[in-house]
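target_19.txt follows; it contains compact mmCIF, C-alpha atoms and all ligand atoms.
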```
# COMPACT_ATOMS: atom_id res chain seq x y z
CA MET A 265 -9.53 -1.11 -19.07
CA ASN A 266 -7.23 -0.59 -16.09
CA ALA A 267 -7.98 1.96 -13.38
CA ILE A 268 -4.48 3.45 -13.64
CA GLU A 269 -1.71 2.98 -16.18
CA VAL A 270 1.60 4.70 -15.59
CA ASN A 271 4.12 4.62 -18.43
CA GLN A 272 7.73 5.52 -17.78
CA LEU A 273 7.05 8.59 -15.70
CA THR A 274 10.02 10.72 -14.75
CA LYS A 275 9.80 13.77 -12.53
CA ILE A 276 12.76 16.01 -11.90
CA TYR A 277 12.14 18.86 -9.47
CA LYS A 278 14.29 21.90 -10.02
CA THR A 279 14.86 23.82 -6.82
CA SER A 280 15.73 27.50 -6.84
CA LYS A 281 18.66 26.86 -4.50
CA LYS A 282 21.86 26.58 -6.57
CA ASN A 283 19.92 24.86 -9.36
CA ILE A 284 19.86 21.55 -7.49
CA GLU A 285 17.78 18.87 -9.23
CA VAL A 286 15.85 16.12 -7.42
CA THR A 287 14.74 13.06 -9.38
CA ALA A 288 11.54 12.12 -7.56
CA LEU A 289 10.39 9.58 -10.18
CA ASN A 290 12.72 7.68 -12.44
CA ASN A 291 11.18 5.89 -15.43
CA PHE A 292 8.34 4.63 -13.27
CA SER A 293 5.69 2.28 -14.70
CA LEU A 294 2.73 0.70 -12.93
CA ILE A 295 -0.74 -0.75 -13.52
CA VAL A 296 -3.64 -0.66 -11.06
CA LYS A 297 -6.56 -2.89 -11.98
CA LYS A 298 -10.16 -1.86 -11.57
CA GLY A 299 -11.79 -2.82 -8.29
CA GLU A 300 -8.63 -3.55 -6.35
CA ILE A 301 -7.01 -1.98 -3.32
CA PHE A 302 -3.49 -1.11 -4.41
CA GLY A 303 -0.85 -0.13 -1.86
CA LEU A 304 2.22 1.87 -2.83
CA LEU A 305 5.00 1.51 -0.29
CA GLY A 306 8.25 3.33 0.09
CA PRO A 307 10.41 5.10 2.67
CA ASN A 308 10.26 8.87 3.19
CA GLY A 309 11.15 10.72 0.02
CA ALA A 310 10.66 7.67 -2.23
CA GLY A 311 8.35 9.57 -4.59
CA LYS A 312 4.92 8.27 -3.53
CA THR A 313 3.22 11.64 -3.13
CA THR A 314 4.82 12.91 -6.33
CA LEU A 315 3.24 10.03 -8.24
CA ILE A 316 -0.23 10.78 -6.82
CA LYS A 317 0.19 14.49 -7.55
CA ILE A 318 1.10 13.76 -11.16
CA LEU A 319 -1.88 11.44 -11.57
CA LEU A 320 -4.15 14.16 -10.19
CA GLY A 321 -2.67 16.89 -12.37
CA ILE A 322 -1.28 18.86 -9.43
CA VAL A 323 2.31 18.38 -10.59
CA PHE A 324 3.43 17.91 -14.20
CA PRO A 325 5.75 15.08 -15.22
CA THR A 326 9.11 15.81 -16.83
CA SER A 327 8.51 12.91 -19.23
CA GLY A 328 6.31 9.84 -19.63
CA SER A 329 2.55 9.47 -19.60
CA ALA A 330 -0.32 8.03 -17.58
CA THR A 331 -4.03 7.26 -17.89
CA ILE A 332 -6.78 7.19 -15.30
CA LEU A 333 -9.94 5.17 -16.02
CA GLY A 334 -8.91 5.06 -19.67
CA SER A 335 -8.37 8.82 -20.13
CA PRO A 336 -5.06 10.68 -20.25
CA ILE A 337 -4.32 12.54 -17.00
CA SER A 338 -4.47 15.83 -18.89
CA ASP A 339 -8.25 15.31 -19.40
CA PHE A 340 -9.72 17.40 -16.57
CA ARG A 341 -13.19 15.77 -16.88
CA ILE A 342 -11.78 12.63 -15.30
CA LYS A 343 -11.53 14.46 -11.98
CA GLN A 344 -15.30 14.11 -11.56
CA LYS A 345 -14.76 10.38 -11.15
CA ILE A 346 -11.95 10.47 -8.62
CA GLY A 347 -11.56 11.28 -4.94
CA PHE A 348 -8.45 12.39 -3.06
CA LEU A 349 -7.35 12.43 0.54
CA PRO A 350 -4.13 14.50 0.64
CA GLU A 351 -1.23 13.85 2.99
CA ASN A 352 -1.30 16.15 6.08
CA HIS A 353 -4.55 17.76 4.99
CA LYS A 354 -5.90 20.67 7.00
CA PHE A 355 -9.48 21.91 7.15
CA PRO A 356 -10.33 25.29 8.73
CA ASN A 357 -10.57 24.82 12.51
CA TYR A 358 -13.67 26.98 12.88
CA LEU A 359 -15.85 24.75 10.64
CA THR A 360 -17.90 21.82 11.91
CA ALA A 361 -17.75 18.40 10.22
CA GLU A 362 -21.03 19.18 8.46
CA GLN A 363 -19.91 22.62 7.25
CA THR A 364 -16.67 21.14 5.91
CA LEU A 365 -18.51 18.48 3.97
CA LYS A 366 -21.02 21.04 2.67
CA TYR A 367 -18.13 22.99 1.19
CA PHE A 368 -16.79 19.88 -0.55
CA ALA A 369 -20.32 18.97 -1.72
CA GLN A 370 -20.48 22.32 -3.50
CA LEU A 371 -17.04 21.80 -5.02
CA SER A 372 -18.17 18.37 -6.23
CA ASN A 373 -21.37 19.72 -7.77
CA VAL A 374 -23.67 17.59 -5.60
CA GLU A 375 -27.25 18.69 -6.29
CA ILE A 376 -28.44 20.98 -3.48
CA LYS A 377 -31.42 18.78 -2.66
CA ASN A 378 -29.10 15.78 -2.13
CA VAL A 379 -26.38 17.49 -0.07
CA GLY A 380 -27.89 16.80 3.39
CA LEU A 381 -28.49 13.14 2.62
CA GLN A 382 -25.03 12.64 1.12
CA ILE A 383 -23.36 14.23 4.16
CA ASP A 384 -25.33 12.02 6.56
CA LYS A 385 -24.50 8.92 4.52
CA LEU A 386 -20.77 9.71 4.50
CA LEU A 387 -20.62 10.62 8.20
CA GLU A 388 -22.34 7.33 8.97
CA LEU A 389 -19.86 5.44 6.80
CA VAL A 390 -16.84 6.89 8.59
CA LYS A 391 -18.52 6.62 12.01
CA MET A 392 -18.60 10.37 12.61
CA THR A 393 -22.37 10.97 12.82
CA LYS A 394 -22.28 12.13 16.42
CA TRP A 395 -19.61 14.73 15.61
CA LYS A 396 -21.61 16.31 12.81
CA LYS A 397 -22.10 19.63 14.63
CA THR A 398 -18.69 19.66 16.37
CA LYS A 399 -15.94 22.07 15.35
CA ILE A 400 -12.82 20.60 13.79
CA SER A 401 -10.66 22.29 16.46
CA LYS A 402 -11.97 19.60 18.84
CA PHE A 403 -11.08 16.67 16.57
CA SER A 404 -8.37 14.08 17.17
CA LYS A 405 -6.02 13.03 14.37
CA GLY A 406 -8.10 9.91 13.73
CA MET A 407 -11.29 11.95 13.44
CA MET A 408 -9.56 14.34 11.03
CA GLN A 409 -8.52 11.41 8.83
CA ARG A 410 -12.03 9.97 8.86
CA LEU A 411 -13.50 13.34 7.91
CA GLY A 412 -10.88 13.56 5.15
CA LEU A 413 -11.98 10.15 3.92
CA ALA A 414 -15.63 11.29 3.88
CA GLN A 415 -14.61 14.35 1.87
CA ALA A 416 -12.75 12.15 -0.63
CA MET A 417 -15.91 10.10 -1.18
CA MET A 418 -18.23 13.07 -1.69
CA ASN A 419 -18.63 12.58 -5.45
CA ASN A 420 -19.07 8.79 -5.17
CA PRO A 421 -15.76 8.31 -6.99
CA GLU A 422 -14.87 5.28 -9.11
CA LEU A 423 -11.25 5.65 -8.04
CA ILE A 424 -9.98 7.09 -4.79
CA PHE A 425 -6.43 8.22 -3.94
CA LEU A 426 -5.43 8.15 -0.29
CA ASP A 427 -2.08 9.57 0.74
CA GLU A 428 -1.14 8.10 4.14
CA PRO A 429 -4.77 7.53 5.25
CA THR A 430 -3.87 6.06 8.64
CA ASP A 431 -0.99 8.39 9.48
CA GLY A 432 -1.11 9.28 13.18
CA VAL A 433 -4.21 7.15 13.79
CA ASP A 434 -4.32 4.71 16.73
CA PRO A 435 -4.84 0.94 16.15
CA ILE A 436 -8.61 1.10 16.75
CA GLY A 437 -8.98 4.02 14.36
CA ARG A 438 -6.81 2.21 11.80
CA LYS A 439 -9.04 -0.84 11.97
CA GLU A 440 -12.08 1.39 11.42
CA ILE A 441 -10.44 2.97 8.39
CA ARG A 442 -9.58 -0.49 7.02
CA ASP A 443 -13.23 -1.48 7.41
CA VAL A 444 -14.33 1.62 5.50
CA LEU A 445 -11.85 0.80 2.72
CA ASN A 446 -13.11 -2.78 2.47
CA ASP A 447 -16.73 -1.56 2.29
CA LEU A 448 -15.72 0.86 -0.45
CA LYS A 449 -13.96 -1.89 -2.37
CA ASN A 450 -17.02 -4.13 -2.04
CA SER A 451 -19.11 -1.39 -3.58
CA GLY A 452 -16.79 -1.44 -6.63
CA THR A 453 -14.47 1.51 -5.91
CA THR A 454 -10.80 1.19 -6.84
CA ILE A 455 -8.50 2.35 -4.06
CA PHE A 456 -4.93 3.55 -4.48
CA LEU A 457 -3.15 4.20 -1.23
CA ASN A 458 0.29 5.39 -0.26
CA SER A 459 1.81 4.41 3.00
CA HIS A 460 4.92 3.60 4.91
CA LEU A 461 2.89 1.61 7.44
CA LEU A 462 3.68 -1.82 6.05
CA SER A 463 1.55 -4.00 8.27
CA GLU A 464 -1.41 -1.76 7.47
CA VAL A 465 -0.94 -2.11 3.75
CA GLU A 466 -0.38 -5.84 4.08
CA LEU A 467 -3.74 -6.22 5.80
CA VAL A 468 -5.81 -4.23 3.35
CA SER A 469 -4.22 -4.36 -0.13
CA ASP A 470 -4.83 -6.84 -2.93
CA ARG A 471 -1.62 -5.83 -4.66
CA VAL A 472 1.33 -3.74 -3.60
CA ALA A 473 4.33 -2.05 -5.15
CA ILE A 474 7.52 -1.18 -3.30
CA MET A 475 9.46 1.85 -4.48
CA ASN A 476 12.56 3.75 -3.46
CA SER A 477 14.40 6.74 -4.92
CA GLY A 478 11.76 7.13 -7.62
CA LYS A 479 12.13 3.57 -8.88
CA LEU A 480 9.83 0.55 -8.75
CA LEU A 481 11.56 -2.28 -6.89
CA LYS A 482 8.86 -4.94 -6.70
CA GLU A 483 5.19 -5.41 -7.50
CA GLY A 484 2.69 -8.20 -6.91
CA THR A 485 -0.02 -9.61 -4.67
CA VAL A 486 0.75 -9.57 -0.97
CA GLU A 487 0.52 -13.37 -1.09
CA ASP A 488 3.09 -13.66 -3.89
CA LEU A 489 5.51 -11.27 -2.28
CA THR A 490 5.36 -12.78 1.18
CA THR A 491 5.47 -16.53 0.43
CA SER A 492 8.72 -17.99 -0.68
CA LYS A 493 7.86 -21.21 -2.46
CA GLU A 494 11.32 -22.66 -2.14
CA SER A 495 11.49 -22.42 1.60
CA TYR A 496 9.66 -24.86 3.90
CA ILE A 497 9.41 -25.66 7.56
CA ILE A 498 9.05 -29.35 8.40
CA GLU A 499 7.94 -29.94 11.97
CA THR A 500 8.78 -33.38 13.29
CA ALA A 501 7.14 -35.28 16.11
CA SER A 502 10.06 -37.31 17.34
CA ASN A 503 13.63 -36.67 18.32
CA PHE A 504 16.19 -38.11 15.96
CA ASP A 505 19.85 -38.28 15.21
CA ASN A 506 19.99 -35.07 13.30
CA ASN A 507 23.64 -35.43 12.35
CA LEU A 508 22.94 -38.64 10.56
CA LEU A 509 19.92 -37.17 8.85
CA LEU A 510 21.45 -33.88 7.84
CA GLU A 511 24.55 -35.56 6.46
CA SER A 512 22.52 -37.35 3.81
CA PHE A 513 21.57 -34.14 2.00
CA ASP A 514 24.43 -32.95 -0.15
CA ASN A 515 23.43 -29.69 -1.73
CA ILE A 516 20.15 -29.05 -0.03
CA SER A 517 20.28 -26.53 2.76
CA ILE A 518 18.61 -27.85 5.90
CA LYS A 519 18.80 -26.30 9.32
CA LEU A 520 17.38 -27.70 12.52
CA ASP A 521 15.95 -25.40 15.13
CA PRO A 522 15.58 -26.35 18.80
CA ALA A 523 11.87 -27.10 18.51
CA ASN A 524 12.42 -30.05 16.15
CA LYS A 525 11.69 -27.89 13.14
CA LEU A 526 13.70 -28.33 9.98
CA ASN A 527 14.16 -25.27 7.79
CA VAL A 528 14.52 -26.58 4.28
CA ASN A 529 15.52 -24.68 1.16
CA VAL A 530 14.72 -26.60 -2.01
CA LYS A 531 14.72 -25.63 -5.65
CA ASP A 532 11.46 -27.36 -6.59
CA ASN A 533 8.73 -29.74 -5.54
CA LEU A 534 10.76 -32.78 -6.59
CA GLU A 535 13.55 -31.83 -4.24
CA LEU A 536 11.05 -31.25 -1.42
CA ASN A 537 9.67 -34.76 -1.89
CA PHE A 538 13.19 -36.17 -1.95
CA VAL A 539 13.82 -34.55 1.43
CA ILE A 540 10.54 -35.86 2.84
CA ASP A 541 11.34 -39.41 1.65
CA LYS A 542 14.73 -39.29 3.32
CA ILE A 543 13.31 -38.02 6.58
CA ARG A 544 10.61 -40.69 6.62
CA LYS A 545 13.16 -43.41 5.77
CA ALA A 546 15.19 -42.33 8.76
CA GLY A 547 12.14 -43.19 10.87
CA VAL A 548 11.27 -39.63 11.71
CA ASN A 549 7.62 -38.70 12.18
CA ILE A 550 6.52 -35.59 10.30
CA LYS A 551 3.88 -33.48 12.03
CA THR A 552 3.43 -30.55 9.67
CA ILE A 553 4.93 -29.11 6.51
CA SER A 554 4.41 -25.44 5.80
CA ILE A 555 5.65 -22.85 3.35
CA GLN A 556 7.84 -20.27 5.02
CA LYS A 557 6.19 -16.84 5.02
CA HIS A 558 7.99 -13.54 5.24
CA SER A 559 6.31 -10.39 6.37
CA LEU A 560 6.05 -7.55 3.93
CA GLU A 561 8.29 -5.65 6.31
CA GLU A 562 11.10 -8.20 5.91
CA LEU A 563 10.84 -8.00 2.13
CA PHE A 564 10.68 -4.21 2.24
CA MET A 565 13.76 -3.92 4.44
CA SER A 566 15.79 -6.33 2.33
CA LEU A 567 14.84 -4.58 -0.93
CA ILE A 568 15.61 -1.12 0.40
CA ASN A 569 18.90 -2.29 1.97
CA ASP A 570 19.96 -4.04 -1.26
CA GLU A 571 19.26 -0.86 -3.17
CA ARG A 572 21.14 1.33 -0.74
CA ARG A 573 24.11 -1.03 -0.89
CA GLY A 574 24.00 -0.84 -4.69
CA GLU A 575 24.14 2.95 -4.57
CA LYS A 576 27.32 2.97 -2.55
N1 LIG A 601 8.05 20.67 -4.81
C1 LIG A 601 9.21 20.04 -4.67
N2 LIG A 601 10.37 20.67 -4.99
C2 LIG A 601 11.55 20.01 -4.87
N3 LIG A 601 11.68 18.75 -4.43
C3 LIG A 601 10.56 18.09 -4.10
C4 LIG A 601 9.26 18.70 -4.19
N4 LIG A 601 8.34 17.80 -3.79
C5 LIG A 601 9.01 16.67 -3.45
N5 LIG A 601 10.34 16.85 -3.64
C6 LIG A 601 11.40 15.82 -3.42
O1 LIG A 601 11.07 14.70 -4.20
C7 LIG A 601 11.36 13.49 -3.51
C8 LIG A 601 10.11 12.66 -3.40
O2 LIG A 601 9.18 13.31 -2.54
P1 LIG A 601 7.73 12.74 -2.23
O3 LIG A 601 7.04 13.74 -1.39
O4 LIG A 601 7.08 12.36 -3.52
O5 LIG A 601 8.08 11.44 -1.37
P2 LIG A 601 7.13 10.49 -0.51
O6 LIG A 601 7.45 9.09 -0.91
O7 LIG A 601 5.71 10.92 -0.59
O8 LIG A 601 7.70 10.73 0.99
P3 LIG A 601 6.91 10.70 2.40
O9 LIG A 601 6.80 9.26 2.80
O10 LIG A 601 7.85 11.44 3.31
O11 LIG A 601 5.60 11.39 2.24
C9 LIG A 601 11.95 13.91 -2.18
O12 LIG A 601 13.36 13.91 -2.29
C10 LIG A 601 11.43 15.32 -1.99
O13 LIG A 601 12.32 16.08 -1.21
MG MG A 602 4.33 11.51 0.80
```
So, in terms of structure tokens, how does the structure I just supplied come out?
Amino acid sequence: MNAIEVNQLTKIYKTSKKNIEVTALNNFSLIVKKGEIFGLLGPNGAGKTTLIKILLGIVFPTSGSATILGSPISDFRIKQKIGFLPENHKFPNYLTAEQTLKYFAQLSNVEIKNVGLQIDKLLELVKMTKWKKTKISKFSKGMMQRLGLAQAMMNNPELIFLDEPTDGVDPIGRKEIRDVLNDLKNSGTTIFLNSHLLSEVELVSDRVAIMNSGKLLKEGTVEDLTTSKESYIIETASNFDNNLLLESFDNISIKLDPANKLNVNVKDNLELNFVIDKIRKAGVNIKTISIQKHSLEELFMSLINDERRGEK
């Protein structure tokens, strides 16, 4: 059983203004496996929050279906097993961290005798213990997000949805949130997070999907999406007559950079070995061979730009 299965979801918002329609999701399908951290990426307005809201039953789809932990999203009982940190959440300023969590404990049906313990456990987990009795009006953005995370974990959920969990949080706070997410994952919780902070998602997610204009553009492990298996960098130890060397490769694209590194584009392993043989025959010493890695950001930008060009 998968944690989430999304089948051809379409959401068209109808606005009251001049009957304008916005297609927020367009035939969108996705699978999130149990126990993984899944990152959904997309620029502003891509449809990320709409997807979460549909999965949580806050917004209804125009067409398509989805299941959460094996049950259709229309089954309200499933909500007992999930947690949610909304985007731009706001808690009343006059409450303390403890009072806020008490409120959510009641909403989550935590047994009264366990409430105190559960609140202490969660505050500890998000490193907020010393702010237990402090009013929210004194909290920084990072503290608000960590309290929001604690709230989302109140019912010990099997699956947790986080909409922009590190939005507005400084690098130290982001690292702390990543640590909390990894602890959660290690305890068996499935995590689905939305973000436009690519490097964040790259660091924490097992698998990611990139979406734009309501459509899925790419999906896979971070490793798969960021390594291009046909592109290698060969670092050489000695200087050589590069003209002579480069001339001997007809169709294979090889570029030399100033630091004696050859950028090689091959179609398969055989071709890579052919290149290596040639280089060695020319008396050149090879120091290292490595697969060329792209950052998730590079992939993201090229996918979004390709799509925008296609729309024109
Ligand atoms: N209630 C609504 N009524 C009309 N249009 C809406 C509504 N909610 C969202 N939209 C539109 O649907 C599209 C997708 O919005 P959504 O909030 O899902 O994007 P997002 O990927 O979460 O963006 P962000 O990164 O800014 O949070 C946008 O064009 C948005 O303007
Ligand atoms: Mg959003």
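Taking all atoms listed in the file into account, ligand MG 602 (chain A) lies nearest to A:Leu426 out of the set A:Met565, A:Leu294, A:Leu426, A:Met417.
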| message | If I take atom C10 of ligand LIG 601 (chain A) and CA of Glu300 in chain A, how far is one from the other in Å, to one decimal? | response | 27.9 Å
| Skipping near chain neighbours, those fewer than 6 positions away, what residues fall within 10 Å of Lys531 in chain A using only C-alpha atoms, listed as a ChimeraX atom specification? | /A:493-495,516
Contacts between ligand LIG 601 (chain A) and chain A, please, where a residue of chain A counts if it comes within 12 Å (with all atoms listed in the file); show its shortest atom pair and distance in Å to one decimal, rows by chain and ascending number, as CSV.
```
residue,atom,partner,partner_atom,distance
A:Thr274,CA,A:LIG601,O1,11.3
A:Lys275,CA,A:LIG601,O1,8.5
A:Ile276,CA,A:LIG601,O1,8.0
A:Tyr277,CA,A:LIG601,C2,4.8
A:Lys278,CA,A:LIG601,C2,6.1
A:Thr279,CA,A:LIG601,C2,5.4
A:Ser280,CA,A:LIG601,C2,8.8
A:Lys281,CA,A:LIG601,C2,9.9
A:Asn283,CA,A:LIG601,C2,10.7
A:Ile284,CA,A:LIG601,C2,8.8
A:Glu285,CA,A:LIG601,C2,7.7
A:Val286,CA,A:LIG601,N3,5.8
A:Thr287,CA,A:LIG601,O1,6.6
A:Ala288,CA,A:LIG601,O1,4.3
A:Leu289,CA,A:LIG601,C8,7.5
A:Asn290,CA,A:LIG601,C8,10.6
A:Leu304,CA,A:LIG601,O6,9.1
A:Leu305,CA,A:LIG601,O6,8.0
A:Gly306,CA,A:LIG601,O6,5.9
A:Pro307,CA,A:LIG601,O9,5.5
A:Asn308,CA,A:LIG601,O9,3.5
A:Gly309,CA,A:LIG601,O5,3.4
A:Ala310,CA,A:LIG601,O6,3.8
A:Gly311,CA,A:LIG601,O4,3.2
A:Lys312,CA,A:LIG601,O6,3.7
A:Thr313,CA,A:LIG601,O7,3.6
A:Thr314,CA,A:LIG601,O4,3.6
A:Leu315,CA,A:LIG601,O4,6.5
A:Ile316,CA,A:LIG601,O4,8.2
A:Lys317,CA,A:LIG601,O4,8.3
A:Ile318,CA,A:LIG601,O4,9.8
A:Ile322,CA,A:LIG601,N1,10.6
A:Val323,CA,A:LIG601,N1,8.5
A:Phe324,CA,A:LIG601,N1,10.8
A:Pro350,CA,A:LIG601,O11,10.3
A:Glu351,CA,A:LIG601,O11,7.3
A:Asn352,CA,A:LIG601,O11,9.2
A:Leu426,CA,A:LIG601,O7,11.5
A:Asp427,CA,A:LIG601,O7,8.0
A:Glu428,CA,A:LIG601,O11,7.7
A:Pro429,CA,A:LIG601,O11,11.5
A:Asp431,CA,A:LIG601,O11,10.2
A:Leu457,CA,A:LIG601,O7,11.1
A:Asn458,CA,A:LIG601,O7,7.8
A:Ser459,CA,A:LIG601,O9,7.0
A:His460,CA,A:LIG601,O9,6.3
A:Leu461,CA,A:LIG601,O9,9.8
A:Leu462,CA,A:LIG601,O9,12.0
A:Ile474,CA,A:LIG601,O6,10.5
A:Met475,CA,A:LIG601,O6,8.3
A:Asn476,CA,A:LIG601,O6,7.8
A:Ser477,CA,A:LIG601,C8,7.5
A:Gly478,CA,A:LIG601,C8,7.1
A:Lys479,CA,A:LIG601,O6,10.8
A:Leu480,CA,A:LIG601,O6,11.8
```
| query | Leaving out Leu445 in chain A and any residue of its chain fewer than 2 positions from it, which residues lie within 10 Å of it when counting all atoms listed in the file, given as a PyMOL selection string? | reply | chain A and resi 301+390+413+424+439-443+447-451+453-455+468-469
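If all atoms listed in the file are the atoms counted, then among A:Val539, A:Met418, A:Leu319, A:Leu534 the closest residue to Gln382 in chain A is A:Met418.
If you measure from each of A:Thr393, A:Asn291, A:Asn266, A:Gln556 to Ala361 in chain A using all atoms listed in the file, the closest one turns out to be A:Thr393.
Here CA of Thr490 in chain A stands at a distance of 19.7 Å from CA of Leu526 in chain A.
Computed from the coordinates, the CA of Ile518 in chain A to CA of Thr552 in chain A distance equals 15.9 Å.
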| task | Please work out which residues fall within 12 Å of (-7.7, 13.6, -13.3), coordinates as given in the file, with all atoms listed in the file counting, and return them as an MDAnalysis selection string. | result | chainID A and resid 267:268 316:324 330:348 421:425
Writing out the chosen residues with C-alpha atoms as a short mmCIF file (atom, residue, chain, number, x, y, z; two decimals), keeping the file's coordinate frame:
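Everything below was put into again_19.cif:
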```cif
data_model
loop_
_atom_site.label_atom_id
_atom_site.label_comp_id
_atom_site.auth_asym_id
_atom_site.auth_seq_id
_atom_site.Cartn_x
_atom_site.Cartn_y
_atom_site.Cartn_z
CA ALA A 267 -7.98 1.96 -13.38
CA ILE A 268 -4.48 3.45 -13.64
CA ILE A 316 -0.23 10.78 -6.82
CA LYS A 317 0.19 14.49 -7.55
CA ILE A 318 1.10 13.76 -11.16
CA LEU A 319 -1.88 11.44 -11.57
CA LEU A 320 -4.15 14.16 -10.19
CA GLY A 321 -2.67 16.89 -12.37
CA ILE A 322 -1.28 18.86 -9.43
CA VAL A 323 2.31 18.38 -10.59
CA PHE A 324 3.43 17.91 -14.20
CA ALA A 330 -0.32 8.03 -17.58
CA THR A 331 -4.03 7.26 -17.89
CA ILE A 332 -6.78 7.19 -15.30
CA LEU A 333 -9.94 5.17 -16.02
CA GLY A 334 -8.91 5.06 -19.67
CA SER A 335 -8.37 8.82 -20.13
CA PRO A 336 -5.06 10.68 -20.25
CA ILE A 337 -4.32 12.54 -17.00
CA SER A 338 -4.47 15.83 -18.89
CA ASP A 339 -8.25 15.31 -19.40
CA PHE A 340 -9.72 17.40 -16.57
CA ARG A 341 -13.19 15.77 -16.88
CA ILE A 342 -11.78 12.63 -15.30
CA LYS A 343 -11.53 14.46 -11.98
CA GLN A 344 -15.30 14.11 -11.56
CA LYS A 345 -14.76 10.38 -11.15
CA ILE A 346 -11.95 10.47 -8.62
CA GLY A 347 -11.56 11.28 -4.94
CA PHE A 348 -8.45 12.39 -3.06
CA PRO A 421 -15.76 8.31 -6.99
CA GLU A 422 -14.87 5.28 -9.11
CA LEU A 423 -11.25 5.65 -8.04
CA ILE A 424 -9.98 7.09 -4.79
CA PHE A 425 -6.43 8.22 -3.94
#
```
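Of the listed residues (A:Arg471, A:Lys525, A:Lys482, A:His353), A:Lys482 comes nearest to Ile568 in chain A; the distances count all atoms listed in the file.
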| message | List as a ChimeraX atom specification the protein and nucleic acid residues near Gly484 in chain A, meaning an atom at most 9 Å away when only C-alpha atoms are counted, but skip any in the same chain fewer than 5 places from it. | response | /A:470-473,489
| note | Shortest contact to ligand MG 602 (chain A), candidates A:Arg438, A:Ser554, A:Ser404, A:Leu349, atoms counted all atoms listed in the file, goes to A:Leu349
